[in-house]
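**Q** File input.cif follows (mmCIF, C-alpha atoms):
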```cif
data_coords
#
loop_
_atom_site.label_atom_id
_atom_site.label_comp_id
_atom_site.auth_asym_id
_atom_site.auth_seq_id
_atom_site.Cartn_x
_atom_site.Cartn_y
_atom_site.Cartn_z
CA MET A 686 9.32 -0.31 -20.47
CA PHE A 687 7.14 -3.23 -21.54
CA GLY A 688 8.18 -5.29 -18.53
CA LYS A 689 7.00 -2.56 -16.17
CA GLN A 690 3.62 -2.27 -17.90
CA ILE A 691 3.10 -6.04 -17.84
CA ARG A 692 3.86 -6.16 -14.14
CA LEU A 693 1.66 -3.16 -13.33
CA ASN A 694 -1.23 -4.94 -14.99
CA ARG A 695 -0.73 -7.86 -12.61
CA ILE A 696 -1.25 -5.70 -9.50
CA ARG A 697 -4.31 -3.69 -10.55
CA ASP A 698 -7.78 -4.30 -11.92
CA LYS A 699 -7.62 -5.00 -15.64
CA LYS A 700 -10.60 -2.77 -16.52
CA THR A 701 -10.55 0.15 -14.10
CA LYS A 702 -6.78 0.19 -13.44
CA ASN A 703 -7.59 0.61 -9.74
CA TYR A 704 -5.48 -1.09 -7.10
CA LEU A 705 -6.77 -3.21 -4.22
CA LEU A 706 -3.59 -4.05 -2.36
CA VAL A 707 -3.32 -5.53 1.12
CA PRO A 708 0.01 -4.87 2.85
CA MET A 709 0.95 -7.71 5.19
CA ASP A 710 4.48 -6.62 6.03
CA HIS A 711 3.58 -5.84 9.65
CA GLY A 712 5.38 -8.85 11.11
CA ILE A 713 8.68 -6.98 11.26
CA THR A 714 7.18 -3.82 12.69
CA LEU A 715 4.62 -5.27 15.11
CA GLY A 716 5.33 -9.00 15.35
CA PRO A 717 2.98 -11.93 14.56
CA ILE A 718 -0.27 -10.03 15.09
CA LYS A 719 -3.77 -11.32 14.36
CA GLY A 720 -4.42 -11.84 10.65
CA ILE A 721 -0.84 -12.54 9.64
CA ARG A 722 -0.05 -15.30 12.12
CA ASN A 723 -1.80 -17.74 9.75
CA ILE A 724 -1.03 -15.63 6.73
CA GLU A 725 -1.70 -18.37 4.16
CA ASP A 726 -5.43 -18.50 4.96
CA THR A 727 -5.74 -14.72 5.00
CA VAL A 728 -4.07 -14.35 1.61
CA GLU A 729 -6.37 -17.01 0.17
CA SER A 730 -9.44 -15.05 1.34
CA ILE A 731 -8.10 -11.84 -0.16
CA ALA A 732 -7.39 -13.53 -3.49
CA ALA A 733 -10.86 -15.07 -3.67
CA ASN A 734 -12.69 -11.77 -3.20
CA GLY A 735 -11.12 -9.25 -5.52
CA GLY A 736 -7.71 -8.38 -4.10
CA THR A 737 -5.23 -7.38 -6.81
CA GLY A 738 -2.07 -7.85 -4.77
CA VAL A 739 -0.45 -8.36 -1.39
CA ILE A 740 2.68 -6.74 0.00
CA VAL A 741 5.00 -8.92 2.07
CA HIS A 742 8.64 -9.20 3.09
CA LYS A 743 10.90 -11.64 1.26
CA GLY A 744 10.86 -14.38 3.87
CA ILE A 745 7.09 -14.80 3.66
CA VAL A 746 6.90 -15.42 -0.10
CA GLY A 747 7.32 -19.18 0.23
CA ARG A 748 4.40 -19.41 2.64
CA ILE A 749 1.90 -17.73 0.33
CA VAL A 750 2.82 -18.99 -3.14
CA VAL A 751 -0.13 -21.39 -3.30
CA SER A 752 -2.54 -18.90 -1.72
CA LEU A 753 -1.80 -16.03 -4.12
CA GLY A 754 -3.98 -17.27 -6.95
CA GLU A 755 -3.99 -14.64 -9.69
CA MET A 756 -3.02 -11.78 -7.41
CA GLY A 757 0.15 -9.81 -7.85
CA LEU A 758 3.09 -10.11 -5.47
CA LEU A 759 4.75 -6.97 -4.13
CA ILE A 760 7.85 -7.31 -1.97
CA HIS A 761 8.52 -4.65 0.64
CA ILE A 762 12.20 -3.95 1.25
CA SER A 763 12.02 -1.27 3.98
CA ALA A 764 12.01 -2.22 7.65
CA SER A 765 12.04 -1.02 11.25
CA THR A 766 10.49 -2.30 14.48
CA GLN A 767 8.23 -0.62 17.02
CA VAL A 768 10.73 -1.38 19.78
CA SER A 769 13.47 0.61 18.05
CA PRO A 770 14.43 4.02 19.48
CA LEU A 771 13.90 5.28 15.91
CA PRO A 772 10.80 3.41 14.66
CA ASN A 773 10.24 5.87 11.80
CA SER A 774 13.72 5.27 10.40
CA LYS A 775 13.45 2.60 7.72
CA VAL A 776 16.42 0.68 6.35
CA LEU A 777 16.72 -1.44 3.21
CA VAL A 778 16.60 -5.20 3.79
CA SER A 779 16.74 -6.50 0.21
CA ASP A 780 17.65 -5.46 -3.32
CA LEU A 781 16.31 -5.74 -6.85
CA PRO A 782 18.10 -8.95 -7.90
CA GLU A 783 16.62 -10.75 -4.90
CA VAL A 784 13.16 -9.27 -5.51
CA VAL A 785 13.28 -10.39 -9.14
CA SER A 786 14.47 -13.87 -8.16
CA LEU A 787 11.46 -14.24 -5.85
CA GLY A 788 9.03 -13.57 -8.70
CA ALA A 789 7.78 -10.17 -7.56
CA ASP A 790 5.53 -8.03 -9.72
CA ALA A 791 6.59 -4.85 -7.91
CA VAL A 792 8.98 -3.62 -5.24
CA SER A 793 7.85 -1.49 -2.30
CA VAL A 794 9.83 1.00 -0.22
CA GLN A 795 8.88 3.50 2.48
CA ILE A 796 9.91 7.01 3.37
CA ASN A 797 8.85 8.91 6.48
CA LEU A 798 9.27 12.60 5.70
CA GLY A 799 10.59 14.39 8.76
CA ALA A 800 12.10 11.35 10.47
CA ASP A 801 15.59 11.55 11.97
CA THR A 802 17.09 9.55 9.11
CA GLU A 803 15.10 11.15 6.29
CA ALA A 804 18.30 11.81 4.31
CA GLU A 805 19.24 8.14 4.29
CA MET A 806 15.73 7.11 3.21
CA LEU A 807 15.79 9.64 0.38
CA SER A 808 19.08 8.19 -0.79
CA ASP A 809 17.76 4.64 -0.55
CA ILE A 810 14.67 5.39 -2.63
CA GLY A 811 16.73 7.21 -5.24
CA TYR A 812 18.97 4.16 -5.56
CA ILE A 813 16.14 1.61 -5.61
CA SER A 814 14.17 3.54 -8.23
CA GLY A 815 17.18 3.45 -10.53
CA GLU A 816 17.61 -0.28 -10.00
CA ALA A 817 13.87 -0.88 -10.50
CA ARG A 818 14.01 0.94 -13.82
CA LYS A 819 16.86 -1.30 -15.01
CA PHE A 820 14.82 -4.42 -14.22
CA GLY A 821 11.48 -3.12 -15.55
CA MET A 822 10.08 -3.42 -12.02
CA PRO A 823 7.26 -1.12 -10.84
CA LEU A 824 8.09 0.86 -7.71
CA LEU A 825 5.50 1.46 -4.99
CA VAL A 826 6.55 4.15 -2.53
CA MET A 827 4.82 4.38 0.83
CA ALA A 828 5.20 8.09 1.63
CA TYR A 829 4.17 9.56 4.98
CA PRO A 830 4.94 12.74 6.93
CA ARG A 831 6.19 11.42 10.27
CA GLY A 832 8.67 13.16 12.52
CA ASP A 833 9.21 15.64 15.32
CA LYS A 834 8.54 18.62 13.07
CA ILE A 835 5.27 17.19 11.78
CA LYS A 836 2.47 18.48 13.98
CA ASP A 837 -0.31 16.77 12.03
CA SER A 838 0.60 13.79 9.83
CA PHE A 839 -2.74 14.10 7.99
CA ASP A 840 -2.24 17.76 7.08
CA GLU A 841 -2.74 18.23 3.35
CA LYS A 842 0.43 20.35 3.10
CA TYR A 843 2.64 17.60 4.50
CA VAL A 844 0.89 14.73 2.71
CA SER A 845 1.15 16.58 -0.62
CA HIS A 846 4.85 17.11 0.03
CA ALA A 847 5.34 13.42 0.82
CA VAL A 848 3.66 12.18 -2.37
CA ARG A 849 5.54 14.72 -4.47
CA VAL A 850 8.82 13.48 -3.01
CA ALA A 851 7.80 9.95 -4.01
CA GLU A 852 7.08 10.97 -7.60
CA GLU A 853 10.23 13.09 -7.86
CA LEU A 854 12.30 10.05 -6.85
CA GLY A 855 10.72 7.74 -9.42
CA ALA A 856 7.65 6.10 -7.87
CA ASP A 857 5.19 4.44 -10.24
CA VAL A 858 2.50 4.10 -7.57
CA ILE A 859 2.25 6.07 -4.31
CA LYS A 860 0.64 5.08 -1.02
CA THR A 861 -0.14 7.70 1.59
CA SER A 862 -2.57 8.72 4.33
CA TYR A 863 -6.09 9.92 3.58
CA THR A 864 -6.36 13.56 4.63
CA GLY A 865 -9.93 13.30 5.90
CA ASP A 866 -12.09 14.91 3.22
CA VAL A 867 -12.55 14.94 -0.54
CA LYS A 868 -11.36 18.50 -1.13
CA SER A 869 -8.03 18.19 0.67
CA PHE A 870 -7.30 14.76 -0.77
CA ARG A 871 -8.12 15.99 -4.26
CA ASP A 872 -5.39 18.57 -3.78
CA VAL A 873 -3.00 15.79 -2.74
CA VAL A 874 -3.83 13.64 -5.76
CA SER A 875 -3.56 16.58 -8.15
CA SER A 876 -0.04 17.37 -6.94
CA VAL A 877 1.35 14.31 -8.75
CA SER A 878 0.81 12.47 -12.04
CA LYS A 879 1.12 8.96 -10.59
CA PRO A 880 -1.72 6.88 -9.07
CA VAL A 881 -2.25 7.59 -5.38
CA LEU A 882 -3.56 4.91 -3.02
CA ILE A 883 -4.80 5.39 0.52
CA ALA A 884 -3.47 3.58 3.56
CA GLY A 885 -5.82 2.27 6.21
CA GLY A 886 -3.71 3.00 9.27
CA GLU A 887 -4.69 1.66 12.68
CA ARG A 888 -7.93 -0.25 13.14
CA ILE A 889 -11.03 1.84 12.42
CA ASP A 890 -13.96 1.21 14.75
CA SER A 891 -16.63 1.16 12.03
CA ASP A 892 -16.93 -0.65 8.71
CA MET A 893 -18.94 2.25 7.33
CA LYS A 894 -16.20 4.73 8.24
CA LEU A 895 -13.67 2.66 6.35
CA LEU A 896 -15.89 2.25 3.29
CA ASN A 897 -16.70 5.97 3.32
CA MET A 898 -12.99 6.72 3.34
CA VAL A 899 -12.45 4.46 0.33
CA TYR A 900 -15.39 6.03 -1.50
CA GLU A 901 -14.27 9.59 -0.80
CA SER A 902 -10.73 8.85 -1.90
CA VAL A 903 -12.02 7.63 -5.26
CA GLU A 904 -14.23 10.72 -5.55
CA ALA A 905 -11.09 12.78 -5.04
CA GLY A 906 -9.25 10.99 -7.85
CA GLY A 907 -7.48 8.28 -5.89
CA LYS A 908 -6.75 5.04 -7.71
CA GLY A 909 -7.33 2.52 -4.97
CA VAL A 910 -6.20 1.30 -1.60
CA SER A 911 -3.32 -0.32 0.20
CA ILE A 912 -5.09 -1.21 3.42
CA GLY A 913 -3.61 -3.67 5.89
CA ARG A 914 -4.95 -4.15 9.42
CA ASN A 915 -8.45 -2.95 8.59
CA VAL A 916 -8.63 -5.82 6.10
CA PHE A 917 -6.51 -8.68 7.41
CA GLN A 918 -7.64 -8.24 11.03
CA HIS A 919 -11.33 -7.98 10.11
CA GLU A 920 -13.59 -10.77 11.36
CA LYS A 921 -14.74 -11.24 7.76
CA VAL A 922 -11.62 -10.68 5.68
CA GLY A 923 -13.08 -11.81 2.37
CA ALA A 924 -16.27 -9.82 2.85
CA MET A 925 -14.35 -6.62 3.56
CA VAL A 926 -12.21 -7.14 0.46
CA LYS A 927 -15.36 -7.69 -1.60
CA ALA A 928 -16.96 -4.56 -0.18
CA ILE A 929 -13.92 -2.45 -1.05
CA ASP A 930 -13.73 -4.04 -4.49
CA SER A 931 -17.36 -3.14 -5.17
CA ILE A 932 -16.62 0.54 -4.47
CA LEU A 933 -13.40 0.65 -6.46
CA ASN A 934 -14.49 -1.33 -9.49
CA ASP A 935 -18.29 -1.53 -9.58
CA ASN A 936 -19.23 2.03 -8.52
CA PHE A 937 -21.05 0.88 -5.39
CA SER A 938 -21.85 3.40 -2.70
CA PRO A 939 -20.62 2.66 0.84
CA GLU A 940 -24.21 1.86 1.81
CA ASP A 941 -24.56 -0.66 -1.02
CA ALA A 942 -21.16 -2.16 -0.29
CA MET A 943 -22.21 -2.88 3.30
CA GLN A 944 -24.38 -5.74 2.00
CA PHE A 945 -21.26 -7.92 1.73
CA LEU A 946 -20.57 -7.47 5.41
CA GLY A 947 -24.01 -8.58 6.50
#
```
For the file at hand, write its structure as structure tokens.

**A**
Amino acid sequence: MFGKQIRLNRIRDKKTKNYLLVPMDHGITLGPIKGIRNIEDTVESIAANGGTGVIVHKGIVGRIVVSLGEMGLLIHISASTQVSPLPNSKVLVSDLPEVVSLGADAVSVQINLGADTEAEMLSDIGYISGEARKFGMPLLVMAYPRGDKIKDSFDEKYVSHAVRVAEELGADVIKTSYTGDVKSFRDVVSSVSKPVLIAGGERIDSDMKLLNMVYESVEAGGKGVSIGRNVFQHEKVGAMVKAIDSILNDNFSPEDAMQFLG
């Protein structure tokens, strides 16, 4: 129990307990895209401006050890590629002993509710949560409604179901999609007792839109962000991290946070 609490404190703000995580596991899914091609420099910028942790696959850990600074390290162990006939079907690519040996502060897995191999992903998360408990390792579950039966992946009903699945299977922290407004996302957050973080998704065409989304999620009771491309592909990575940090931990409005972006 104490090990898990110690590690959780390494991946969140010490005062507010909010999370500012930047997932950079996209290399398997999308290839060496902008922002993670020279991942060392990007991680260094995130660390210098308020990031509390980065999420990477096991093979990247050696590249970012020096750049991490005081940030936490989360290792993602779910994978699929965009060229697969079943891109929403994630498989496990590591285990808890390996994650521990790499010095991780948390392990991350993904489930896509409604995908063709949902049953296998449910089984995988159930197994990993049990292993994580044995090792005192916090478990982040990325939970999304994605599949043929899902008409709208941002629908509050489906997103609430996804986060509840994550909690039921043992998640300590849950990442999911923002549902678009404070009221609906408040309903999502209130459906579980664990901290809920918002994903950033594909690139957003406006800094203000992104910062508004972060602000609204906090208003709804969210506990932070796990935003990838909208941070690591930004022209001013460090400035965007600082802007998000100011909203999460210093009670800045989106308008006030824009000052960091010039």

**Q** In terms of the shortest atom-to-atom distance over all atoms listed in the file, which of A:Val910, A:Val776, A:Ile691, A:Ala733 is closest to Lys927 (chain A)?

**A**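 Of the candidates, the smallest distance to Lys927 (chain A) is held by A:Ala733.
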
**Q** Given the file above and the PyMOL selection byres ((chain A and resi 822-831) around 6), which residues are selected, and can you give them as an NGL selection string?

**A** :A and (689 or 791-800 or 817 or 820-821 or 832 or 838 or 843 or 847-848 or 856-861)

**Q** Applied to the shown file, which residues does the PyMOL selection byres ((chain A and resi 864) around 12) return, written as a count of residues only?

**A** 35

**Q** Pick out the closest residue to Leu705 (chain A) from this set: A:Gly736, A:Pro782, A:Pro880, A:Pro772. Count only C-alpha atoms.

**A**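 Closest to Leu705 (chain A) of all the choices is A:Gly736.
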
**Q** How would you write, as a list in words, the residues chosen by the PyMOL selection byres ((chain A and resi 939-946) around 6) on this structure?

**A**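 For this structure, the PyMOL selection byres ((chain A and resi 939-946) around 6) captures Leu896, Asn897, Ala924, Ala928, Phe937, Ser938 and Gly947 of chain A.
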
**Q** Which residue gives the smallest distance to Asn915 (chain A) among A:Asp710, A:Gly855, A:Val751, A:Ser891, with all atoms listed in the file counted?

**A**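 Among A:Asp710, A:Gly855, A:Val751, A:Ser891, it is A:Ser891 that comes nearest to Asn915 (chain A).
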
**Q** Which centre and which edge lengths, in Å to one decimal, describe the axis-aligned box that holds all listed atoms of region 801-809 of chain A after 5 Å is added on each side, as JSON?

**A**
```
{"center_x": 17.2, "center_y": 8.2, "center_z": 5.6, "size_x": 14.1, "size_y": 17.2, "size_z": 22.8}
```

**Q** Check the smallest atom-to-atom distance from each of A:Lys819, A:Ser808, A:Asp801, A:Leu781 to Lys834 (chain A) using all atoms listed in the file, then report the winner.

**A**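 That would be A:Asp801, the residue with the smallest distance to Lys834 (chain A).
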
**Q** Tell me, in Å to one decimal, how far CA of Ser763 (chain A) is from CA of His742 (chain A).

**A**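 Going from CA of Ser763 (chain A) over to CA of His742 (chain A), I get 8.7 Å.
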
**Q** I'd like the contact shell of region 719-728 of chain A - 8 Å cut-off, all atoms listed in the file, skipping same-chain residues fewer than 4 positions apart - returned as JSON, numbers by chain.

**A** {"A": [709, 712, 732, 739, 748, 749, 752, 753, 914, 917, 918, 919, 922]}

**Q** To one decimal place in Å, what is the distance between CA of Asn934 (chain A) and CA of Ser876 (chain A)?

**A**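 These atoms are spaced 23.8 Å apart.
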
**Q** I'd like the interatomic distance between CA of Leu807 (chain A) and CA of Ala851 (chain A), to a tenth of an Å.

**A**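 It comes out at 9.1 Å.
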
**Q** Identify which of the residues A:Ile731, A:Leu715, A:Glu755, A:Gly811 lies closest to Ser769 (chain A), counting all atoms listed in the file when measuring atom-to-atom distances.

**A**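 Answer, going by the shortest atom-to-atom distance: A:Leu715.
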
**Q** Using only C-alpha atoms for the distances, tell me which of A:Gly923, A:Gly688, A:Gly744, A:Gly909 is nearest to Val784 (chain A).

**A**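 Closest to Val784 (chain A) of all the choices is A:Gly744.
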